[in-house]
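Coordinates as given in start-v5.tsv (TSV, C-alpha atoms and all ligand atoms):
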```tsv
chain	number	residue	atom	x	y	z
A	1243	MET	CA	69.16	121.21	18.30
A	1244	THR	CA	67.35	119.94	15.19
A	1245	ILE	CA	64.01	118.33	15.95
A	1246	GLU	CA	63.24	115.93	13.11
A	1247	ARG	CA	60.64	113.34	12.23
A	1248	THR	CA	61.51	110.03	10.60
A	1249	LEU	CA	59.55	107.09	9.21
A	1250	VAL	CA	60.21	103.67	10.70
A	1251	LEU	CA	58.86	100.32	9.52
A	1252	ILE	CA	58.96	97.34	11.86
A	1253	LYS	CA	59.03	94.80	9.05
A	1254	PRO	CA	57.01	91.56	8.72
A	1255	ASP	CA	59.88	89.39	10.03
A	1256	ALA	CA	59.89	91.34	13.30
A	1257	VAL	CA	56.10	91.11	13.64
A	1258	LYS	CA	56.19	87.34	12.97
A	1259	ARG	CA	58.96	86.87	15.52
A	1260	GLY	CA	57.19	88.88	18.23
A	1261	LEU	CA	59.88	91.54	18.41
A	1262	VAL	CA	57.67	94.64	18.04
A	1263	GLY	CA	57.70	95.47	21.75
A	1264	GLU	CA	61.45	94.98	22.14
A	1265	ILE	CA	62.17	97.17	19.11
A	1266	LEU	CA	59.77	99.93	20.20
A	1267	ALA	CA	61.38	99.91	23.65
A	1268	ARG	CA	64.77	100.70	22.12
A	1269	TYR	CA	63.41	103.77	20.32
A	1270	GLU	CA	61.49	104.94	23.37
A	1271	ARG	CA	64.48	104.52	25.69
A	1272	LYS	CA	66.47	106.69	23.30
A	1273	ALA	CA	63.88	109.42	24.08
A	1274	LEU	CA	62.39	109.39	20.60
A	1275	ARG	CA	58.70	110.27	20.73
A	1276	ILE	CA	56.08	108.18	18.92
A	1277	VAL	CA	54.02	110.62	16.85
A	1278	ALA	CA	51.95	108.04	14.94
A	1279	MET	CA	51.87	104.24	14.75
A	1280	GLU	CA	49.75	101.71	12.89
A	1281	GLN	CA	49.92	98.04	11.95
A	1282	ARG	CA	49.33	97.65	8.20
A	1283	GLU	CA	49.05	95.06	5.46
A	1284	VAL	CA	51.09	96.43	2.56
A	1285	ASP	CA	50.23	95.71	-1.09
A	1286	ALA	CA	52.66	95.71	-4.02
A	1287	SER	CA	51.69	99.23	-5.08
A	1288	MET	CA	52.51	100.66	-1.63
A	1289	ALA	CA	55.78	98.70	-1.53
A	1290	ASP	CA	56.73	100.17	-4.94
A	1291	LYS	CA	55.97	103.71	-3.75
A	1292	HIS	CA	57.92	103.30	-0.53
A	1293	TYR	CA	60.97	101.71	-2.21
A	1294	HIS	CA	60.76	103.69	-5.48
A	1295	GLU	CA	64.55	104.26	-5.56
A	1296	HIS	CA	65.11	100.48	-5.51
A	1297	LEU	CA	62.61	99.46	-8.22
A	1298	ASP	CA	65.34	98.62	-10.77
A	1299	ARG	CA	67.64	96.75	-8.37
A	1300	ASP	CA	68.10	93.02	-8.86
A	1301	PHE	CA	67.04	92.35	-5.26
A	1302	TYR	CA	63.80	94.36	-5.52
A	1303	PRO	CA	61.37	91.50	-6.44
A	1304	ALA	CA	62.51	89.57	-3.35
A	1305	LEU	CA	62.28	92.71	-1.21
A	1306	ARG	CA	58.74	93.39	-2.45
A	1307	SER	CA	57.68	89.79	-1.66
A	1308	PHE	CA	59.17	90.16	1.81
A	1309	VAL	CA	57.52	93.48	2.76
A	1310	THR	CA	54.14	92.28	1.48
A	1311	SER	CA	54.41	88.88	3.22
A	1312	GLY	CA	52.49	89.88	6.36
A	1313	PRO	CA	51.59	92.80	8.57
A	1314	LEU	CA	54.17	95.42	9.45
A	1315	VAL	CA	54.09	98.32	11.89
A	1316	ALA	CA	54.64	101.80	10.47
A	1317	LEU	CA	55.51	104.63	12.82
A	1318	VAL	CA	56.74	108.18	12.90
A	1319	LEU	CA	59.35	109.07	15.49
A	1320	GLU	CA	60.34	112.57	16.53
A	1321	GLY	CA	63.41	113.86	18.32
A	1322	ASP	CA	66.76	115.60	18.04
A	1323	ASP	CA	68.46	114.37	14.83
A	1324	ALA	CA	65.87	111.57	14.70
A	1325	VAL	CA	66.83	110.44	11.17
A	1326	SER	CA	70.43	109.57	11.99
A	1327	ALA	CA	69.61	108.47	15.56
A	1328	VAL	CA	67.23	105.81	14.22
A	1329	ARG	CA	69.73	104.62	11.57
A	1330	LEU	CA	72.34	104.19	14.31
A	1331	LEU	CA	69.93	102.22	16.50
A	1332	ASN	CA	68.92	100.08	13.49
A	1333	GLY	CA	72.53	99.18	12.57
A	1334	ALA	CA	74.05	98.27	9.21
A	1335	THR	CA	71.72	96.91	6.51
A	1336	ASP	CA	73.15	93.38	6.57
A	1337	GLY	CA	72.32	91.80	9.91
A	1338	ARG	CA	75.38	89.56	9.61
A	1339	ARG	CA	77.63	92.63	9.70
A	1340	ALA	CA	75.55	94.95	11.88
A	1341	GLU	CA	77.12	96.12	15.11
A	1342	PRO	CA	76.19	94.19	18.28
A	1343	GLY	CA	73.98	96.47	20.36
A	1344	SER	CA	72.03	97.64	17.33
A	1345	ILE	CA	68.60	96.18	16.52
A	1346	ARG	CA	69.89	94.34	13.45
A	1347	GLY	CA	73.18	93.46	15.12
A	1348	ASP	CA	71.41	91.78	18.01
A	1349	TRP	CA	68.47	90.11	16.26
A	1350	ALA	CA	69.00	89.82	12.45
A	1351	LEU	CA	71.16	87.47	10.41
A	1352	SER	CA	70.07	88.43	6.89
A	1353	ASN	CA	70.61	91.32	4.50
A	1354	ARG	CA	66.92	91.26	3.51
A	1355	GLU	CA	64.97	90.18	6.57
A	1356	ASN	CA	66.54	92.85	8.71
A	1357	LEU	CA	63.62	93.77	10.98
A	1358	VAL	CA	63.42	97.54	10.50
A	1359	HIS	CA	63.48	100.43	8.04
A	1360	GLY	CA	64.52	104.00	8.84
A	1361	SER	CA	64.41	106.96	6.43
A	1362	ASP	CA	67.91	107.71	5.15
A	1363	SER	CA	67.74	111.54	5.04
A	1364	PRO	CA	65.45	114.36	6.22
A	1365	GLU	CA	64.20	114.71	2.61
A	1366	ALA	CA	63.39	110.99	2.39
A	1367	ALA	CA	61.73	111.21	5.82
A	1368	ALA	CA	59.42	114.01	4.67
A	1369	ARG	CA	58.40	112.00	1.59
A	1370	GLU	CA	57.92	108.74	3.51
A	1371	VAL	CA	55.98	110.32	6.41
A	1372	GLY	CA	53.66	111.90	3.80
A	1373	LEU	CA	53.25	108.55	2.04
A	1374	TRP	CA	52.44	106.48	5.13
A	1375	PHE	CA	50.62	109.08	7.21
A	1376	PRO	CA	49.12	111.63	4.80
A	1377	GLY	CA	47.02	113.16	7.55
A	1378	LEU	CA	50.03	114.13	9.65
A	1379	GLY	CA	50.59	117.87	9.74
B	1401	LIG	P1	66.05	100.42	5.02
B	1401	LIG	O1	65.84	101.27	3.78
B	1401	LIG	O2	65.07	99.26	5.10
B	1401	LIG	O3	66.13	101.23	6.29
B	1401	LIG	O4	67.45	99.72	4.91
B	1401	LIG	P2	68.82	100.35	4.44
B	1401	LIG	O5	68.65	101.81	4.11
B	1401	LIG	O6	69.83	99.97	5.45
B	1401	LIG	O7	69.05	99.52	3.11
B	1401	LIG	P3	68.67	99.87	1.58
B	1401	LIG	O8	69.92	99.86	0.79
B	1401	LIG	O9	67.79	101.07	1.52
B	1401	LIG	O10	67.83	98.57	1.18
B	1401	LIG	C1	66.46	98.49	1.47
B	1401	LIG	C2	66.13	97.12	1.97
B	1401	LIG	O11	66.27	96.19	0.89
B	1401	LIG	C3	66.65	94.93	1.42
B	1401	LIG	N1	67.88	94.52	0.76
B	1401	LIG	N2	68.02	93.33	0.21
B	1401	LIG	N3	71.02	92.31	-1.58
B	1401	LIG	C4	69.81	92.17	-1.04
B	1401	LIG	O12	69.17	91.15	-1.14
B	1401	LIG	C5	69.25	93.31	-0.32
B	1401	LIG	N4	69.87	94.46	-0.10
B	1401	LIG	C6	68.99	95.23	0.58
B	1401	LIG	C7	66.81	95.08	2.93
B	1401	LIG	O13	65.58	94.70	3.55
B	1401	LIG	C8	67.06	96.58	3.05
B	1401	LIG	O14	66.74	97.03	4.33
B	1402	MG	MG	67.13	102.53	2.82
```

Take the structure in the file and write it out as C-alpha cells.
Amino acid sequence: MTIERTLVLIKPDAVKRGLVGEILARYERKALRIVAMEQREVDASMADKHYHEHLDRDFYPALRSFVTSGPLVALVLEGDDAVSAVRLLNGATDGRRAEPGSIRGDWALSNRENLVHGSDSPEAAAREVGLWFPGLG
C-alpha cells in the first residue's frame, strides 16, 4: 500500500455551475481523505507557477484566462495511490472523449473547461501541494 497525497483543483467552471459538492462526493466515496481545502481567487502569477510546464504551449493564454476567471477550490486528497486514483476519477483531459462515469465524462464537453485538475505524478503532487498549501507538513 502506498499512501500518497495529491493536489486537486475544482476549476472555475465547476464552481460557476454549482458542481463542487457533486465532485467532492465522488472523491469522498472513493475513500480519499480531504487533508486541506480552500476556495481561492487565483491571479496570473499563481496560474503561471501552477502550470509552469505549459507556459510555452499555444493554448496557455486561454488556459490562464480560464483559471483566473473566478474562484476555484483547491484541495489536497490522501489515500492509497491517490495520484492515479484521482486521475482515473477525473477522466481524460478532453471532456468530449472522457469516459462516461468519470467527472469529465459525465459533466464536461470541452478540452479546456474540464472541471478539475489532478497532479500527474507523485513528484508533481509534492510540488503542487507545496505551492498551494505551503503550511502543510
Ligand atoms: P490537469 O492538469 O488540469 O489535471 O489536466 P490534464 O493533466 O488532463 O491536462 P494537461 O495536458 O495537463 O492540460 C492542462 C489543462 O490545460 C487545458 N487544456 N487546454 N488544447 C487546449 O486548448 C487545451 N489542452 C489542455 C485543460 O484545462 C487541461 O486540463
Ligand atoms: Mg496536467

inquiry  = Residues near Leu1373 of chain A, anyone? I mean within 10 Å using all atoms listed in the file, not counting same-chain ones fewer than 6 positions away, as a list in words.
reply    =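 Non-adjacent residues within range: Leu1249, Met1288, Lys1291, His1292 and Ala1367 of chain A.
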
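Coordinates place atom N4 of ligand LIG 1401 (chain B) at a distance of 29.1 Å from atom CA of Ala1273 of chain A.
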
ask   = Around (67.9, 105.2, 7.3) in the file's frame, which residues reach within 9 Å when counting only C-alpha atoms? Return as a PyMOL selection string?
value = chain A and resi 1248-1250+1325-1326+1328-1330+1332+1359-1363+1366-1367

List every protein, DNA or RNA residue that has an atom no more than 12 Å from (55.7, 109.7, 17.9) in the file's coordinate frame, counting all atoms listed in the file, and report them as an mmCIF file with C-alpha atoms, in the coordinates of the input.
```cif
data_model
loop_
_atom_site.group_PDB
_atom_site.id
_atom_site.type_symbol
_atom_site.label_atom_id
_atom_site.label_comp_id
_atom_site.auth_asym_id
_atom_site.auth_seq_id
_atom_site.Cartn_x
_atom_site.Cartn_y
_atom_site.Cartn_z
ATOM 1 C CA GLU A 1246 63.240 115.930 13.110
ATOM 2 C CA ARG A 1247 60.640 113.340 12.230
ATOM 3 C CA THR A 1248 61.510 110.030 10.600
ATOM 4 C CA LEU A 1249 59.550 107.090 9.210
ATOM 5 C CA VAL A 1250 60.210 103.670 10.700
ATOM 6 C CA LEU A 1266 59.770 99.930 20.200
ATOM 7 C CA TYR A 1269 63.410 103.770 20.320
ATOM 8 C CA GLU A 1270 61.490 104.940 23.370
ATOM 9 C CA ALA A 1273 63.880 109.420 24.080
ATOM 10 C CA LEU A 1274 62.390 109.390 20.600
ATOM 11 C CA ARG A 1275 58.700 110.270 20.730
ATOM 12 C CA ILE A 1276 56.080 108.180 18.920
ATOM 13 C CA VAL A 1277 54.020 110.620 16.850
ATOM 14 C CA ALA A 1278 51.950 108.040 14.940
ATOM 15 C CA MET A 1279 51.870 104.240 14.750
ATOM 16 C CA GLU A 1280 49.750 101.710 12.890
ATOM 17 C CA ALA A 1316 54.640 101.800 10.470
ATOM 18 C CA LEU A 1317 55.510 104.630 12.820
ATOM 19 C CA VAL A 1318 56.740 108.180 12.900
ATOM 20 C CA LEU A 1319 59.350 109.070 15.490
ATOM 21 C CA GLU A 1320 60.340 112.570 16.530
ATOM 22 C CA GLY A 1321 63.410 113.860 18.320
ATOM 23 C CA ALA A 1324 65.870 111.570 14.700
ATOM 24 C CA VAL A 1371 55.980 110.320 6.410
ATOM 25 C CA PHE A 1375 50.620 109.080 7.210
ATOM 26 C CA LEU A 1378 50.030 114.130 9.650
#
```

request  = Record the distance separating atom CA of Arg1354 of chain A and atom CA of Lys1258 of chain A, expressed in Å with one decimal.
outcome  =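 Atom-to-atom, atom CA of Arg1354 of chain A and atom CA of Lys1258 of chain A are spaced 14.8 Å apart.
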
task = Name the closest residue to ligand MG 1402 (chain B) among the candidates A:Ala1350, A:Ala1256, A:Val1315, A:Ala1334; distances are taken between atoms, counting only C-alpha atoms and all ligand atoms.
result = A:Ala1334

query = Which residue, A:Pro1376, A:Glu1370, A:Leu1357, A:Asp1348, has the smallest gap to Ala1289 of chain A when you use all atoms listed in the file?
reply =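 The shortest atom-to-atom distance to Ala1289 of chain A comes from A:Glu1370.
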
task = For atom CA of Tyr1293 of chain A and atom CA of Gly1312 of chain A, quote the distance in Å rounded to one decimal.
result =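 Separating atom CA of Tyr1293 of chain A from atom CA of Gly1312 of chain A is a distance of 16.9 Å.
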
request  = Can you pull out every residue within 9 Å of Asp1285 of chain A, counting all atoms listed in the file, but drop anything in the same chain fewer than 6 positions away, and send it as a PyMOL selection string?
outcome  = chain A and resi 1306+1309-1310

task = Rank A:Gly1333, A:Pro1313, A:Pro1303, A:Gly1343 by their smallest atom-to-atom distance to ligand MG 1402 (chain B), using all atoms listed in the file, and report the top residue only.
result =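 Counting all atoms listed in the file, the residue closest to ligand MG 1402 (chain B) is A:Gly1333.
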
key: Selected residue, from A:Asp1323, A:Arg1299, A:Ser1287, A:His1294, that lies nearest to Arg1369 of chain A when counting only C-alpha atoms   = A:His1294

task = Rank A:Glu1295, A:Asp1290, A:Glu1355, A:Glu1341 by their smallest atom-to-atom distance to ligand MG 1402 (chain B), using all atoms listed in the file, and report the top residue only.
result =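 Of A:Glu1295, A:Asp1290, A:Glu1355, A:Glu1341, the one nearest ligand MG 1402 (chain B), counting all atoms listed in the file, is A:Glu1295.
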
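Nearest-residue note for ligand MG 1402 (chain B): choosing from A:Asp1300, A:Asp1322, A:Asp1336, A:Asp1255, the minimum distance belongs to A:Asp1336, counting all atoms listed in the file.
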